[in-house]
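K.L.:
One file: start_24.pdb (PDB, C-alpha atoms).
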ATOM      1  CA  MET V 991      -1.207  54.502 -98.731
ATOM      2  CA  THR V 992      -4.830  55.609 -98.858
ATOM      3  CA  GLU V 993      -5.525  59.242 -99.508
ATOM      4  CA  PRO V 994      -7.317  61.073 -96.711
ATOM      5  CA  THR V 995     -10.892  61.818 -97.750
ATOM      6  CA  HIS V 996     -11.690  64.622 -95.373
ATOM      7  CA  LEU V 997     -11.969  68.286 -96.183
ATOM      8  CA  ASP V 998     -11.782  71.010 -93.576
ATOM      9  CA  GLY V 999     -14.045  73.537 -91.889
ATOM     10  CA  ASN V1000     -13.937  75.835 -94.910
ATOM     11  CA  ALA V1001     -16.250  73.325 -96.583
ATOM     12  CA  VAL V1002     -19.135  74.038 -94.184
ATOM     13  CA  ALA V1003     -18.957  77.812 -94.484
ATOM     14  CA  GLY V1004     -21.775  77.917 -97.000
ATOM     15  CA  VAL V1005     -24.267  75.664 -95.285
ATOM     16  CA  LEU V1006     -23.628  77.228 -91.859
ATOM     17  CA  GLY V1007     -23.871  80.656 -93.465
ATOM     18  CA  GLU V1008     -27.535  79.853 -94.069
ATOM     19  CA  VAL V1009     -28.238  79.575 -90.329
ATOM     20  CA  PHE V1010     -25.674  81.816 -88.624
ATOM     21  CA  ALA V1011     -25.502  85.588 -89.012
ATOM     22  CA  VAL V1012     -21.695  85.510 -88.821
ATOM     23  CA  ASP V1013     -18.984  83.413 -90.434
ATOM     24  CA  VAL V1014     -18.532  80.401 -88.194
ATOM     25  CA  THR V1015     -15.375  79.087 -89.882
ATOM     26  CA  ALA V1016     -13.317  81.884 -88.295
ATOM     27  CA  ALA V1017     -14.859  81.123 -84.873
ATOM     28  CA  ILE V1018     -12.963  79.132 -82.262
ATOM     29  CA  GLY V1019     -14.527  75.927 -80.979
ATOM     30  CA  ARG V1020     -13.731  73.696 -78.020
ATOM     31  CA  CYS V1021     -14.042  69.940 -78.449
ATOM     32  CA  ASP V1022     -16.264  68.557 -75.712
ATOM     33  CA  GLY V1023     -14.424  65.243 -75.974
ATOM     34  CA  CYS V1024     -10.740  66.126 -75.627
ATOM     35  CA  GLY V1025     -10.798  69.836 -74.826
ATOM     36  CA  ALA V1026      -8.833  70.893 -77.902
ATOM     37  CA  VAL V1027      -9.489  74.477 -78.912
ATOM     38  CA  ALA V1028      -9.193  75.344 -82.603
ATOM     39  CA  VAL V1029     -10.440  77.588 -85.356
ATOM     40  CA  MET V1030     -13.422  75.885 -86.969
ATOM     41  CA  ALA V1031     -11.810  76.222 -90.424
ATOM     42  CA  GLU V1032      -9.088  73.808 -89.280
ATOM     43  CA  THR V1033     -11.457  70.988 -88.279
ATOM     44  CA  ARG V1034     -11.885  67.807 -90.326
ATOM     45  CA  VAL V1035     -15.001  67.694 -92.408
ATOM     46  CA  TYR V1036     -16.576  64.641 -94.008
ATOM     47  CA  VAL V1037     -19.099  65.462 -96.684
ATOM     48  CA  ASP V1038     -19.703  61.918 -97.917
ATOM     49  CA  ALA V1039     -21.616  60.954 -94.762
ATOM     50  CA  PRO V1040     -25.378  61.472 -94.691
ATOM     51  CA  GLY V1041     -25.220  65.202 -94.159
ATOM     52  CA  THR V1042     -21.973  66.902 -93.238
ATOM     53  CA  VAL V1043     -19.923  65.886 -90.211
ATOM     54  CA  VAL V1044     -17.366  68.184 -88.601
ATOM     55  CA  CYS V1045     -14.744  66.454 -86.439
ATOM     56  CA  CYS V1046     -12.011  67.534 -84.043
ATOM     57  CA  ALA V1047      -8.621  67.581 -85.811
ATOM     58  CA  ASP V1048      -6.971  66.304 -82.602
ATOM     59  CA  CYS V1049      -9.196  63.387 -81.498
ATOM     60  CA  ASP V1050     -11.620  62.986 -84.436
ATOM     61  CA  ALA V1051     -14.671  63.223 -82.152
ATOM     62  CA  VAL V1052     -17.775  64.610 -83.826
ATOM     63  CA  LEU V1053     -18.141  68.324 -83.065
ATOM     64  CA  LEU V1054     -21.069  69.243 -85.255
ATOM     65  CA  ARG V1055     -23.425  67.664 -87.736
ATOM     66  CA  VAL V1056     -25.579  69.442 -90.236
ATOM     67  CA  VAL V1057     -28.217  67.991 -92.495
ATOM     68  CA  THR V1058     -30.229  69.977 -94.966
ATOM     69  CA  ALA V1059     -33.467  69.237 -96.768
ATOM     70  CA  PRO V1060     -35.630  71.567 -98.800
ATOM     71  CA  GLY V1061     -36.818  74.255 -96.390
ATOM     72  CA  ARG V1062     -35.147  72.778 -93.284
ATOM     73  CA  THR V1063     -31.743  72.414 -91.678
ATOM     74  CA  TRP V1064     -30.880  70.170 -88.721
ATOM     75  CA  LEU V1065     -27.927  71.261 -86.635
ATOM     76  CA  ASP V1066     -26.393  69.036 -83.942
ATOM     77  CA  LEU V1067     -23.803  70.909 -81.883
ATOM     78  CA  ARG V1068     -23.431  68.545 -78.961
ATOM     79  CA  GLY V1069     -19.743  67.811 -79.560
ATOM     80  CA  LEU V1070     -18.790  71.419 -78.933
ATOM     81  CA  SER V1071     -18.426  72.796 -75.400
ATOM     82  CA  TYR V1072     -18.485  76.286 -76.841
ATOM     83  CA  LEU V1073     -18.004  78.476 -79.879
ATOM     84  CA  GLN V1074     -16.133  81.747 -79.462
ATOM     85  CA  ILE V1075     -17.372  84.049 -82.186
ATOM     86  CA  GLY V1076     -15.629  87.300 -83.104
ATOM     87  CA  THR V1077     -17.857  90.359 -82.956
ATOM     88  CA  THR V1078     -17.155  93.893 -84.048
TER      89      THR V1078
ATOM     90  CA  MET U1053     -26.965  84.228 -96.635
ATOM     91  CA  SER U1054     -28.997  82.612 -99.359
ATOM     92  CA  TRP U1055     -28.787  81.493-102.964
ATOM     93  CA  ARG U1056     -28.578  84.097-105.702
ATOM     94  CA  ALA U1057     -29.297  83.640-109.367
ATOM     95  CA  ALA U1058     -26.144  84.044-111.452
ATOM     96  CA  THR U1059     -25.435  84.133-115.147
ATOM     97  CA  ILE U1060     -22.348  82.698-116.776
ATOM     98  CA  ALA U1061     -20.775  85.702-118.492
ATOM     99  CA  GLY U1062     -18.061  83.749-120.266
ATOM    100  CA  VAL U1063     -15.588  80.890-120.068
ATOM    101  CA  ARG U1064     -11.951  80.653-121.034
ATOM    102  CA  PRO U1065      -9.642  77.673-121.081
ATOM    103  CA  GLU U1066      -6.664  77.624-118.722
ATOM    104  CA  THR U1067      -5.310  74.138-119.426
ATOM    105  CA  PRO U1068      -6.644  71.108-121.337
ATOM    106  CA  THR U1069      -8.634  70.170-118.208
ATOM    107  CA  ALA U1070      -9.424  73.464-116.520
ATOM    108  CA  ARG U1071     -11.470  76.527-117.333
ATOM    109  CA  THR U1072     -12.095  79.867-115.743
ATOM    110  CA  VAL U1073     -15.814  80.582-115.515
ATOM    111  CA  ALA U1074     -16.826  84.225-115.218
ATOM    112  CA  LEU U1075     -20.083  84.766-113.370
ATOM    113  CA  GLN U1076     -22.332  87.775-113.181
ATOM    114  CA  VAL U1077     -24.049  87.732-109.790
ATOM    115  CA  PRO U1078     -26.624  90.492-109.204
ATOM    116  CA  GLY U1079     -26.436  91.551-105.560
ATOM    117  CA  TRP U1080     -22.987  90.066-104.985
ATOM    118  CA  PRO U1081     -21.775  91.733-101.787
ATOM    119  CA  GLY U1082     -18.063  91.618-102.676
ATOM    120  CA  HIS U1083     -15.437  89.256-101.317
ATOM    121  CA  GLU U1084     -11.989  88.980 -99.780
ATOM    122  CA  ALA U1085      -9.084  87.266-101.508
ATOM    123  CA  GLY U1086      -9.084  83.579-100.582
ATOM    124  CA  GLN U1087     -12.816  83.143-100.114
ATOM    125  CA  HIS U1088     -14.947  80.660-101.992
ATOM    126  CA  LEU U1089     -18.500  80.269-103.143
ATOM    127  CA  ASP U1090     -20.963  77.434-103.407
ATOM    128  CA  LEU U1091     -22.409  76.807-106.833
ATOM    129  CA  ARG U1092     -25.676  74.929-107.334
ATOM    130  CA  LEU U1093     -27.033  73.352-110.475
ATOM    131  CA  THR U1094     -30.644  72.290-110.746
ATOM    132  CA  ALA U1095     -31.774  69.755-113.323
ATOM    133  CA  GLU U1096     -35.163  69.914-115.010
ATOM    134  CA  ASP U1097     -36.474  67.203-112.694
ATOM    135  CA  GLY U1098     -35.490  69.253-109.631
ATOM    136  CA  TYR U1099     -32.355  67.274-108.778
ATOM    137  CA  THR U1100     -29.682  69.576-107.415
ATOM    138  CA  ALA U1101     -25.914  69.312-107.054
ATOM    139  CA  THR U1102     -23.830  71.763-105.042
ATOM    140  CA  ARG U1103     -20.044  72.218-105.015
ATOM    141  CA  SER U1104     -17.621  74.737-103.530
ATOM    142  CA  TYR U1105     -15.224  76.646-105.758
ATOM    143  CA  SER U1106     -12.497  79.061-104.799
ATOM    144  CA  ILE U1107     -12.769  82.554-106.192
ATOM    145  CA  ALA U1108      -9.850  83.474-108.449
ATOM    146  CA  SER U1109     -10.675  87.096-109.141
ATOM    147  CA  VAL U1110     -10.366  90.280-107.119
ATOM    148  CA  PRO U1111     -13.484  92.144-105.992
ATOM    149  CA  ASP U1112     -15.095  93.725-109.056
ATOM    150  CA  GLY U1113     -18.734  94.594-108.472
ATOM    151  CA  GLU U1114     -21.031  91.781-109.548
ATOM    152  CA  ALA U1115     -18.333  89.985-111.561
ATOM    153  CA  VAL U1116     -16.833  86.882-109.941
ATOM    154  CA  GLU U1117     -14.520  84.308-111.509
ATOM    155  CA  VAL U1118     -13.837  80.738-110.447
ATOM    156  CA  THR U1119     -11.382  78.323-112.029
ATOM    157  CA  VAL U1120     -12.545  74.743-112.227
ATOM    158  CA  GLU U1121     -10.516  71.595-112.808
ATOM    159  CA  ARG U1122     -12.400  68.716-114.414
ATOM    160  CA  LEU U1123     -12.644  65.845-111.936
ATOM    161  CA  LYS U1124     -13.313  62.266-112.930
ATOM    162  CA  ASP U1125     -17.070  61.697-112.690
ATOM    163  CA  GLY U1126     -17.471  65.251-111.382
ATOM    164  CA  GLU U1127     -21.164  66.098-111.751
ATOM    165  CA  VAL U1128     -20.665  69.831-111.504
ATOM    166  CA  SER U1129     -17.050  70.207-112.607
ATOM    167  CA  THR U1130     -17.704  68.380-115.863
ATOM    168  CA  TYR U1131     -20.538  70.759-116.693
ATOM    169  CA  LEU U1132     -18.391  73.778-115.861
ATOM    170  CA  THR U1133     -15.333  72.590-117.785
ATOM    171  CA  ASP U1134     -17.115  71.065-120.773
ATOM    172  CA  GLY U1135     -20.732  72.170-120.996
ATOM    173  CA  ALA U1136     -21.191  75.630-119.578
ATOM    174  CA  SER U1137     -21.437  78.563-121.933
ATOM    175  CA  ALA U1138     -22.219  82.255-121.740
ATOM    176  CA  GLY U1139     -25.808  82.948-120.827
ATOM    177  CA  ASP U1140     -26.345  79.789-118.759
ATOM    178  CA  GLN U1141     -28.062  80.250-115.415
ATOM    179  CA  VAL U1142     -26.735  78.806-112.169
ATOM    180  CA  GLU U1143     -27.149  79.644-108.483
ATOM    181  CA  VAL U1144     -24.432  80.944-106.196
ATOM    182  CA  ARG U1145     -24.133  81.264-102.414
ATOM    183  CA  GLY U1146     -21.365  83.350-100.971
ATOM    184  CA  PRO U1147     -18.831  84.594-100.536
ATOM    185  CA  VAL U1148     -18.073  82.154 -97.746
ATOM    186  CA  GLY U1149     -15.142  81.417 -95.465
ATOM    187  CA  GLY U1150     -13.662  84.136 -93.253
ATOM    188  CA  TRP U1151     -10.496  82.287 -92.207
ATOM    189  CA  PHE U1152      -8.607  81.437 -95.380
ATOM    190  CA  VAL U1153      -8.394  85.053 -96.484
ATOM    191  CA  TRP U1154      -5.745  87.671 -97.073
ATOM    192  CA  ARG U1155      -6.661  91.284 -96.425
ATOM    193  CA  PRO U1156      -4.754  94.261 -97.837
ATOM    194  CA  ARG U1157      -4.235  95.644 -94.320
ATOM    195  CA  GLN U1158      -1.950  92.682 -93.494
ATOM    196  CA  THR U1159       1.660  93.889 -93.539
ATOM    197  CA  GLU U1160       3.527  90.711 -92.535
ATOM    198  CA  PRO U1161       5.247  88.484 -95.142
ATOM    199  CA  VAL U1162       2.901  86.125 -96.970
ATOM    200  CA  LEU U1163       3.811  82.629 -98.126
ATOM    201  CA  LEU U1164       1.374  81.001-100.532
ATOM    202  CA  VAL U1165       1.751  77.275-101.210
ATOM    203  CA  GLY U1166      -0.617  75.722-103.726
ATOM    204  CA  GLY U1167      -0.961  72.171-104.960
ATOM    205  CA  GLY U1168      -2.748  71.709-108.298
ATOM    206  CA  SER U1169      -5.973  73.696-108.403
ATOM    207  CA  GLY U1170      -5.175  74.807-104.847
ATOM    208  CA  VAL U1171      -3.476  77.716-106.561
ATOM    209  CA  VAL U1172      -6.865  79.252-107.422
ATOM    210  CA  PRO U1173      -7.605  81.128-104.164
ATOM    211  CA  LEU U1174      -3.897  81.988-103.919
ATOM    212  CA  MET U1175      -4.133  83.655-107.326
ATOM    213  CA  SER U1176      -6.857  85.858-105.889
ATOM    214  CA  VAL U1177      -4.385  86.830-103.140
ATOM    215  CA  VAL U1178      -1.574  87.522-105.635
ATOM    216  CA  ARG U1179      -3.891  89.664-107.753
ATOM    217  CA  ARG U1180      -5.319  91.521-104.740
ATOM    218  CA  HIS U1181      -1.836  92.094-103.298
ATOM    219  CA  ARG U1182      -0.762  93.648-106.569
ATOM    220  CA  GLU U1183      -3.920  95.624-107.185
ATOM    221  CA  THR U1184      -3.702  97.280-103.776
ATOM    222  CA  GLY U1185       0.021  98.010-104.082
ATOM    223  CA  SER U1186       0.703  96.051-100.905
ATOM    224  CA  GLN U1187       4.273  96.282 -99.629
ATOM    225  CA  ALA U1188       3.978  92.983 -97.726
ATOM    226  CA  PRO U1189       6.636  90.556 -99.006
ATOM    227  CA  LEU U1190       4.904  87.755-100.895
ATOM    228  CA  ARG U1191       6.045  84.423-102.295
ATOM    229  CA  LEU U1192       4.081  81.851-104.229
ATOM    230  CA  LEU U1193       5.205  78.235-104.396
ATOM    231  CA  TYR U1194       3.121  76.264-106.885
ATOM    232  CA  SER U1195       3.265  72.476-107.033
ATOM    233  CA  VAL U1196       1.945  71.205-110.334
ATOM    234  CA  ARG U1197       2.011  67.945-112.291
ATOM    235  CA  ASP U1198       3.753  69.234-115.409
ATOM    236  CA  PRO U1199       4.197  72.510-117.301
ATOM    237  CA  ASP U1200       1.001  72.011-119.323
ATOM    238  CA  ALA U1201      -1.044  71.857-116.118
ATOM    239  CA  ILE U1202      -0.037  75.326-114.922
ATOM    240  CA  LEU U1203      -3.081  77.520-114.376
ATOM    241  CA  TYR U1204      -2.743  81.227-115.262
ATOM    242  CA  ARG U1205       0.504  80.382-116.993
ATOM    243  CA  ASP U1206       0.926  83.579-119.015
ATOM    244  CA  GLU U1207      -0.146  85.836-116.181
ATOM    245  CA  LEU U1208       2.220  84.111-113.753
ATOM    246  CA  ALA U1209       5.072  84.354-116.254
ATOM    247  CA  ALA U1210       4.419  88.089-116.629
ATOM    248  CA  LEU U1211       4.285  88.560-112.869
ATOM    249  CA  ASP U1212       7.493  86.571-112.482
ATOM    250  CA  LYS U1213       9.195  88.790-115.041
ATOM    251  CA  ASP U1214       7.913  91.766-113.124
ATOM    252  CA  GLY U1215       9.652  90.631-109.942
ATOM    253  CA  VAL U1216       6.916  88.695-108.133
ATOM    254  CA  ASP U1217       8.551  85.806-106.283
ATOM    255  CA  ILE U1218       7.069  82.666-107.876
ATOM    256  CA  GLY U1219       8.501  79.174-107.582
ATOM    257  CA  TYR U1220       7.333  75.944-109.178
ATOM    258  CA  VAL U1221       7.564  72.325-108.122
ATOM    259  CA  PHE U1222       6.900  69.843-110.925
ATOM    260  CA  THR U1223       5.743  66.529-109.551
ATOM    261  CA  ARG U1224       5.615  64.377-112.712
ATOM    262  CA  GLN U1225       7.419  66.137-115.511
ATOM    263  CA  ALA U1226       9.621  69.228-115.418
ATOM    264  CA  PRO U1227      10.446  71.544-118.313
ATOM    265  CA  GLU U1228      13.653  70.814-120.149
ATOM    266  CA  GLY U1229      16.673  72.037-118.248
ATOM    267  CA  TRP U1230      14.741  72.526-114.999
ATOM    268  CA  PRO U1231      17.256  72.229-112.159
ATOM    269  CA  ARG U1232      15.193  69.987-109.914
ATOM    270  CA  PRO U1233      14.058  66.517-110.993
ATOM    271  CA  PRO U1234      10.297  65.913-110.878
ATOM    272  CA  GLY U1235       9.060  65.024-107.435
ATOM    273  CA  ARG U1236       6.965  66.117-104.520
ATOM    274  CA  LEU U1237       7.547  69.289-102.627
ATOM    275  CA  ASP U1238       9.980  68.305 -99.883
ATOM    276  CA  ALA U1239      11.166  69.820 -96.626
ATOM    277  CA  PRO U1240      14.393  71.435 -97.882
ATOM    278  CA  LEU U1241      12.659  73.263-100.727
ATOM    279  CA  LEU U1242       9.699  74.343 -98.624
ATOM    280  CA  ILE U1243      11.901  75.606 -95.821
ATOM    281  CA  ALA U1244      14.186  77.399 -98.258
ATOM    282  CA  THR U1245      11.140  79.130 -99.766
ATOM    283  CA  ALA U1246       9.277  79.935 -96.544
ATOM    284  CA  PHE U1247      10.056  83.174 -94.759
ATOM    285  CA  SER U1248      11.957  82.850 -91.517
ATOM    286  CA  PRO U1249       9.599  82.148 -88.612
ATOM    287  CA  ASP U1250      11.251  85.159 -86.907
ATOM    288  CA  LEU U1251       9.485  87.442 -89.388
ATOM    289  CA  ALA U1252       6.107  86.121 -88.190
ATOM    290  CA  PRO U1253       4.835  85.452 -91.706
ATOM    291  CA  THR U1254       1.354  84.197 -92.433
ATOM    292  CA  SER U1255       1.508  81.053 -94.539
ATOM    293  CA  TYR U1256      -1.370  79.773 -96.656
ATOM    294  CA  ALA U1257      -1.570  76.256 -98.059
ATOM    295  CA  CYS U1258      -4.297  75.000-100.357
ATOM    296  CA  GLY U1259      -4.715  71.842-102.394
ATOM    297  CA  PRO U1260      -5.375  68.147-101.974
ATOM    298  CA  THR U1261      -5.762  67.144 -98.318
ATOM    299  CA  ARG U1262      -2.512  65.216 -97.998
ATOM    300  CA  PHE U1263      -0.506  67.960 -99.721
ATOM    301  CA  VAL U1264      -1.896  70.589 -97.353
ATOM    302  CA  GLU U1265      -1.282  68.471 -94.257
ATOM    303  CA  ASP U1266       2.304  67.750 -95.358
ATOM    304  CA  VAL U1267       2.995  71.444 -95.925
ATOM    305  CA  ALA U1268       1.446  72.423 -92.594
ATOM    306  CA  ASP U1269       3.367  69.727 -90.697
ATOM    307  CA  LEU U1270       6.676  70.712 -92.303
ATOM    308  CA  LEU U1271       6.183  74.391 -91.542
ATOM    309  CA  VAL U1272       5.363  73.656 -87.898
ATOM    310  CA  ILE U1273       8.417  71.406 -87.595
ATOM    311  CA  ALA U1274      10.479  74.242 -89.084
ATOM    312  CA  GLY U1275       9.363  76.501 -86.254
ATOM    313  CA  HIS U1276       6.373  78.303 -87.741
ATOM    314  CA  ASP U1277       3.593  79.245 -85.360
ATOM    315  CA  PRO U1278       0.633  76.959 -86.127
ATOM    316  CA  ARG U1279      -1.655  79.909 -85.431
ATOM    317  CA  ARG U1280      -0.147  81.696 -88.434
ATOM    318  CA  LEU U1281      -0.935  78.872 -90.853
ATOM    319  CA  ARG U1282      -4.132  79.001 -92.874
ATOM    320  CA  THR U1283      -5.120  75.895 -94.741
ATOM    321  CA  GLU U1284      -7.795  74.800 -97.159
ATOM    322  CA  ARG U1285      -8.176  71.143 -98.136
ATOM    323  CA  PHE U1286      -9.780  70.067-101.391
ATOM    324  CA  GLY U1287     -10.103  66.371-100.497
ATOM    325  CA  PRO U1288      -8.334  63.405-102.088
ATOM    326  CA  SER U1289      -8.640  64.441-105.709
ATOM    327  CA  GLY U1290      -8.763  68.209-105.712
ATOM    328  CA  GLY U1291      -6.770  68.483-108.878
ATOM    329  CA  ASN U1292      -4.001  66.182-107.716
ATOM    330  CA  PRO U1293      -0.657  67.907-108.306
TER     331      PRO U1293
END
Once more with this new file: its structure as structure tokens, please.
P.N.:
Amino acid sequence: MTEPTHLDGNAVAGVLGEVFAVDVTAAIGRCDGCGAVAVMAETRVYVDAPGTVVCCADCDAVLLRVVTAPGRTWLDLRGLSYLQIGTT
Amino acid sequence: MSWRAATIAGVRPETPTARTVALQVPGWPGHEAGQHLDLRLTAEDGYTATRSYSIASVPDGEAVEVTVERLKDGEVSTYLTDGASAGDQVEVRGPVGGWFVWRPRQTEPVLLVGGGSGVVPLMSVVRRHRETGSQAPLRLLYSVRDPDAILYRDELAALDKDGVDIGYVFTRQAPEGWPRPPGRLDAPLLIATAFSPDLAPTSYACGPTRFVEDVADLLVIAGHDPRRLRTERFGPSGGNP
């Protein structure tokens, strides 16, 4: 049996913390592919791809991709219909 | 949030393969139990390597401690477990992660299930729970390879003696006279340890990915509300229990 290689949304907290003013891992996201709604911390995250890929834990569709280079970050959010972010 | 310069204030061995690294981080904004930080090393030629480590300590000004298990071929973990010494400079980003946290205002029962080095952020919860005098019922179930691999062994033994509810699962080798033969955490033991779903506990599981998914699946099958589970996966080799 092969061991699963993925991490979870907690693993992108740092890199997303560079571009968002709030913690995105506690936000709720909707998968644009299957409609599943989940806390971003509970997504599947692959860090061994070029960049970091965040996938839906239900259907494995790509929700978000983030690539960093010195001085720049690329953020692809097209797999998310929305993010619900807690505000105070 | 951006990178901060940090100084290694000291290191202390926990097991033959793990060390606690104390960091001094000027400007550290404080953290919640369960959070982690990203640590970046930069080589002389500019090459950088970044890894995430769970915070083991309770909030204490600019002092932050992480416990690091040496991983095979681990670029950063090998430095932290073998090379790092007081006075070394590293960079730190954090604290990060607002989901896998326990806050002192939580009053519901708390189940903590750790596999291998997955116990590290749970230790921060245990320490914070105690420091704040929380009355929330708390149990820690720690799955570990063998007795020599137990992190925070003396502190856990003292807490256990003091009435903190701590259980161990030995996966490879158990201490002499241990009632349960070595083996993985299974459904009967987990369910016997978990609080009744009727009490609406919050359950935290941290460790290697498969361990965490097994724990989460078993708790849901046992009737726990998936929305009250908080998980953190370390990947395939996160200090395999």
K.L.:
Which chain U residues are at most 12 Å from chain V (counting only C-alpha atoms), as a ChimeraX atom specification?
P.N.:
/U:1053-1055,1086-1092,1098-1100,1102-1106,1144-1153,1257-1266,1268,1278-1290,1292
K.L.:
Keeping C-alpha atoms, export the residues of the selection given above as a short mmCIF file (atom, residue, chain, number, x, y, z; two decimals), in the coordinates of the input.
P.N.:
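The resulting file, part22.cif, is reproduced below:
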data_model
loop_
_atom_site.label_atom_id
_atom_site.label_comp_id
_atom_site.auth_asym_id
_atom_site.auth_seq_id
_atom_site.Cartn_x
_atom_site.Cartn_y
_atom_site.Cartn_z
CA MET U 1053 -26.96 84.23 -96.64
CA SER U 1054 -29.00 82.61 -99.36
CA TRP U 1055 -28.79 81.49 -102.96
CA GLY U 1086 -9.08 83.58 -100.58
CA GLN U 1087 -12.82 83.14 -100.11
CA HIS U 1088 -14.95 80.66 -101.99
CA LEU U 1089 -18.50 80.27 -103.14
CA ASP U 1090 -20.96 77.43 -103.41
CA LEU U 1091 -22.41 76.81 -106.83
CA ARG U 1092 -25.68 74.93 -107.33
CA GLY U 1098 -35.49 69.25 -109.63
CA TYR U 1099 -32.35 67.27 -108.78
CA THR U 1100 -29.68 69.58 -107.42
CA THR U 1102 -23.83 71.76 -105.04
CA ARG U 1103 -20.04 72.22 -105.02
CA SER U 1104 -17.62 74.74 -103.53
CA TYR U 1105 -15.22 76.65 -105.76
CA SER U 1106 -12.50 79.06 -104.80
CA VAL U 1144 -24.43 80.94 -106.20
CA ARG U 1145 -24.13 81.26 -102.41
CA GLY U 1146 -21.36 83.35 -100.97
CA PRO U 1147 -18.83 84.59 -100.54
CA VAL U 1148 -18.07 82.15 -97.75
CA GLY U 1149 -15.14 81.42 -95.46
CA GLY U 1150 -13.66 84.14 -93.25
CA TRP U 1151 -10.50 82.29 -92.21
CA PHE U 1152 -8.61 81.44 -95.38
CA VAL U 1153 -8.39 85.05 -96.48
CA ALA U 1257 -1.57 76.26 -98.06
CA CYS U 1258 -4.30 75.00 -100.36
CA GLY U 1259 -4.72 71.84 -102.39
CA PRO U 1260 -5.38 68.15 -101.97
CA THR U 1261 -5.76 67.14 -98.32
CA ARG U 1262 -2.51 65.22 -98.00
CA PHE U 1263 -0.51 67.96 -99.72
CA VAL U 1264 -1.90 70.59 -97.35
CA GLU U 1265 -1.28 68.47 -94.26
CA ASP U 1266 2.30 67.75 -95.36
CA ALA U 1268 1.45 72.42 -92.59
CA PRO U 1278 0.63 76.96 -86.13
CA ARG U 1279 -1.66 79.91 -85.43
CA ARG U 1280 -0.15 81.70 -88.43
CA LEU U 1281 -0.94 78.87 -90.85
CA ARG U 1282 -4.13 79.00 -92.87
CA THR U 1283 -5.12 75.90 -94.74
CA GLU U 1284 -7.80 74.80 -97.16
CA ARG U 1285 -8.18 71.14 -98.14
CA PHE U 1286 -9.78 70.07 -101.39
CA GLY U 1287 -10.10 66.37 -100.50
CA PRO U 1288 -8.33 63.40 -102.09
CA SER U 1289 -8.64 64.44 -105.71
CA GLY U 1290 -8.76 68.21 -105.71
CA ASN U 1292 -4.00 66.18 -107.72
#
K.L.:
Give the answer as one residue: which of U:Ile1202, U:Thr1159, U:Val1142, U:Glu1207 has the shortest atom-to-atom distance to Gly1185 in chain U, using all atoms listed in the file?
P.N.:
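Checking each candidate against Gly1185 in chain U, we get U:Thr1159 as the closest.
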K.L.:
Starting from the displayed file, determine the output of the PyMOL selection byres ((chain V and resi 1027) around 12) and express the residue list as a ChimeraX atom specification.
P.N.:
/V:1017-1026,1028-1033,1046-1049,1053,1070-1074 /U:1279
K.L.:
Take the residues that were just selected and, keeping C-alpha atoms, output them as a compact mmCIF listing (two decimals), in the coordinates of the input.
P.N.:
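Final output, saved to selection.txt:
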# COMPACT_ATOMS: atom_id res chain seq x y z
CA ALA V 1017 -14.86 81.12 -84.87
CA ILE V 1018 -12.96 79.13 -82.26
CA GLY V 1019 -14.53 75.93 -80.98
CA ARG V 1020 -13.73 73.70 -78.02
CA CYS V 1021 -14.04 69.94 -78.45
CA ASP V 1022 -16.26 68.56 -75.71
CA GLY V 1023 -14.42 65.24 -75.97
CA CYS V 1024 -10.74 66.13 -75.63
CA GLY V 1025 -10.80 69.84 -74.83
CA ALA V 1026 -8.83 70.89 -77.90
CA ALA V 1028 -9.19 75.34 -82.60
CA VAL V 1029 -10.44 77.59 -85.36
CA MET V 1030 -13.42 75.89 -86.97
CA ALA V 1031 -11.81 76.22 -90.42
CA GLU V 1032 -9.09 73.81 -89.28
CA THR V 1033 -11.46 70.99 -88.28
CA CYS V 1046 -12.01 67.53 -84.04
CA ALA V 1047 -8.62 67.58 -85.81
CA ASP V 1048 -6.97 66.30 -82.60
CA CYS V 1049 -9.20 63.39 -81.50
CA LEU V 1053 -18.14 68.32 -83.06
CA LEU V 1070 -18.79 71.42 -78.93
CA SER V 1071 -18.43 72.80 -75.40
CA TYR V 1072 -18.48 76.29 -76.84
CA LEU V 1073 -18.00 78.48 -79.88
CA GLN V 1074 -16.13 81.75 -79.46
CA ARG U 1279 -1.66 79.91 -85.43
K.L.:
Going by the chain IDs and residue numbers used in this file, which residues fall under the PyMOL selection byres ((chain V and resi 1040) around 10)? Write them as an mmCIF file with C-alpha atoms, in the coordinates of the input.
P.N.:
data_model
loop_
_atom_site.group_PDB
_atom_site.id
_atom_site.type_symbol
_atom_site.label_atom_id
_atom_site.label_comp_id
_atom_site.auth_asym_id
_atom_site.auth_seq_id
_atom_site.Cartn_x
_atom_site.Cartn_y
_atom_site.Cartn_z
ATOM 1 C CA TYR V 1036 -16.576 64.641 -94.008
ATOM 2 C CA VAL V 1037 -19.099 65.462 -96.684
ATOM 3 C CA ASP V 1038 -19.703 61.918 -97.917
ATOM 4 C CA ALA V 1039 -21.616 60.954 -94.762
ATOM 5 C CA GLY V 1041 -25.220 65.202 -94.159
ATOM 6 C CA THR V 1042 -21.973 66.902 -93.238
ATOM 7 C CA VAL V 1043 -19.923 65.886 -90.211
ATOM 8 C CA ARG V 1055 -23.425 67.664 -87.736
ATOM 9 C CA VAL V 1056 -25.579 69.442 -90.236
ATOM 10 C CA VAL V 1057 -28.217 67.991 -92.495
ATOM 11 C CA THR V 1058 -30.229 69.977 -94.966
#
K.L.:
Please provide as an mmCIF file with C-alpha atoms, keeping the file's coordinate frame all residues within 8 Å of Ser1109 in chain U, with the sequence filter that same-chain residues fewer than 5 positions apart are discarded (counting only C-alpha atoms).
P.N.:
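Writing done, so here's selection38.cif:
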data_model
loop_
_atom_site.group_PDB
_atom_site.id
_atom_site.type_symbol
_atom_site.label_atom_id
_atom_site.label_comp_id
_atom_site.auth_asym_id
_atom_site.auth_seq_id
_atom_site.Cartn_x
_atom_site.Cartn_y
_atom_site.Cartn_z
ATOM 1 C CA ALA U 1085 -9.084 87.266 -101.508
ATOM 2 C CA VAL U 1116 -16.833 86.882 -109.941
ATOM 3 C CA GLU U 1117 -14.520 84.308 -111.509
ATOM 4 C CA VAL U 1118 -13.837 80.738 -110.447
ATOM 5 C CA MET U 1175 -4.133 83.655 -107.326
ATOM 6 C CA SER U 1176 -6.857 85.858 -105.889
ATOM 7 C CA ARG U 1179 -3.891 89.664 -107.753
#
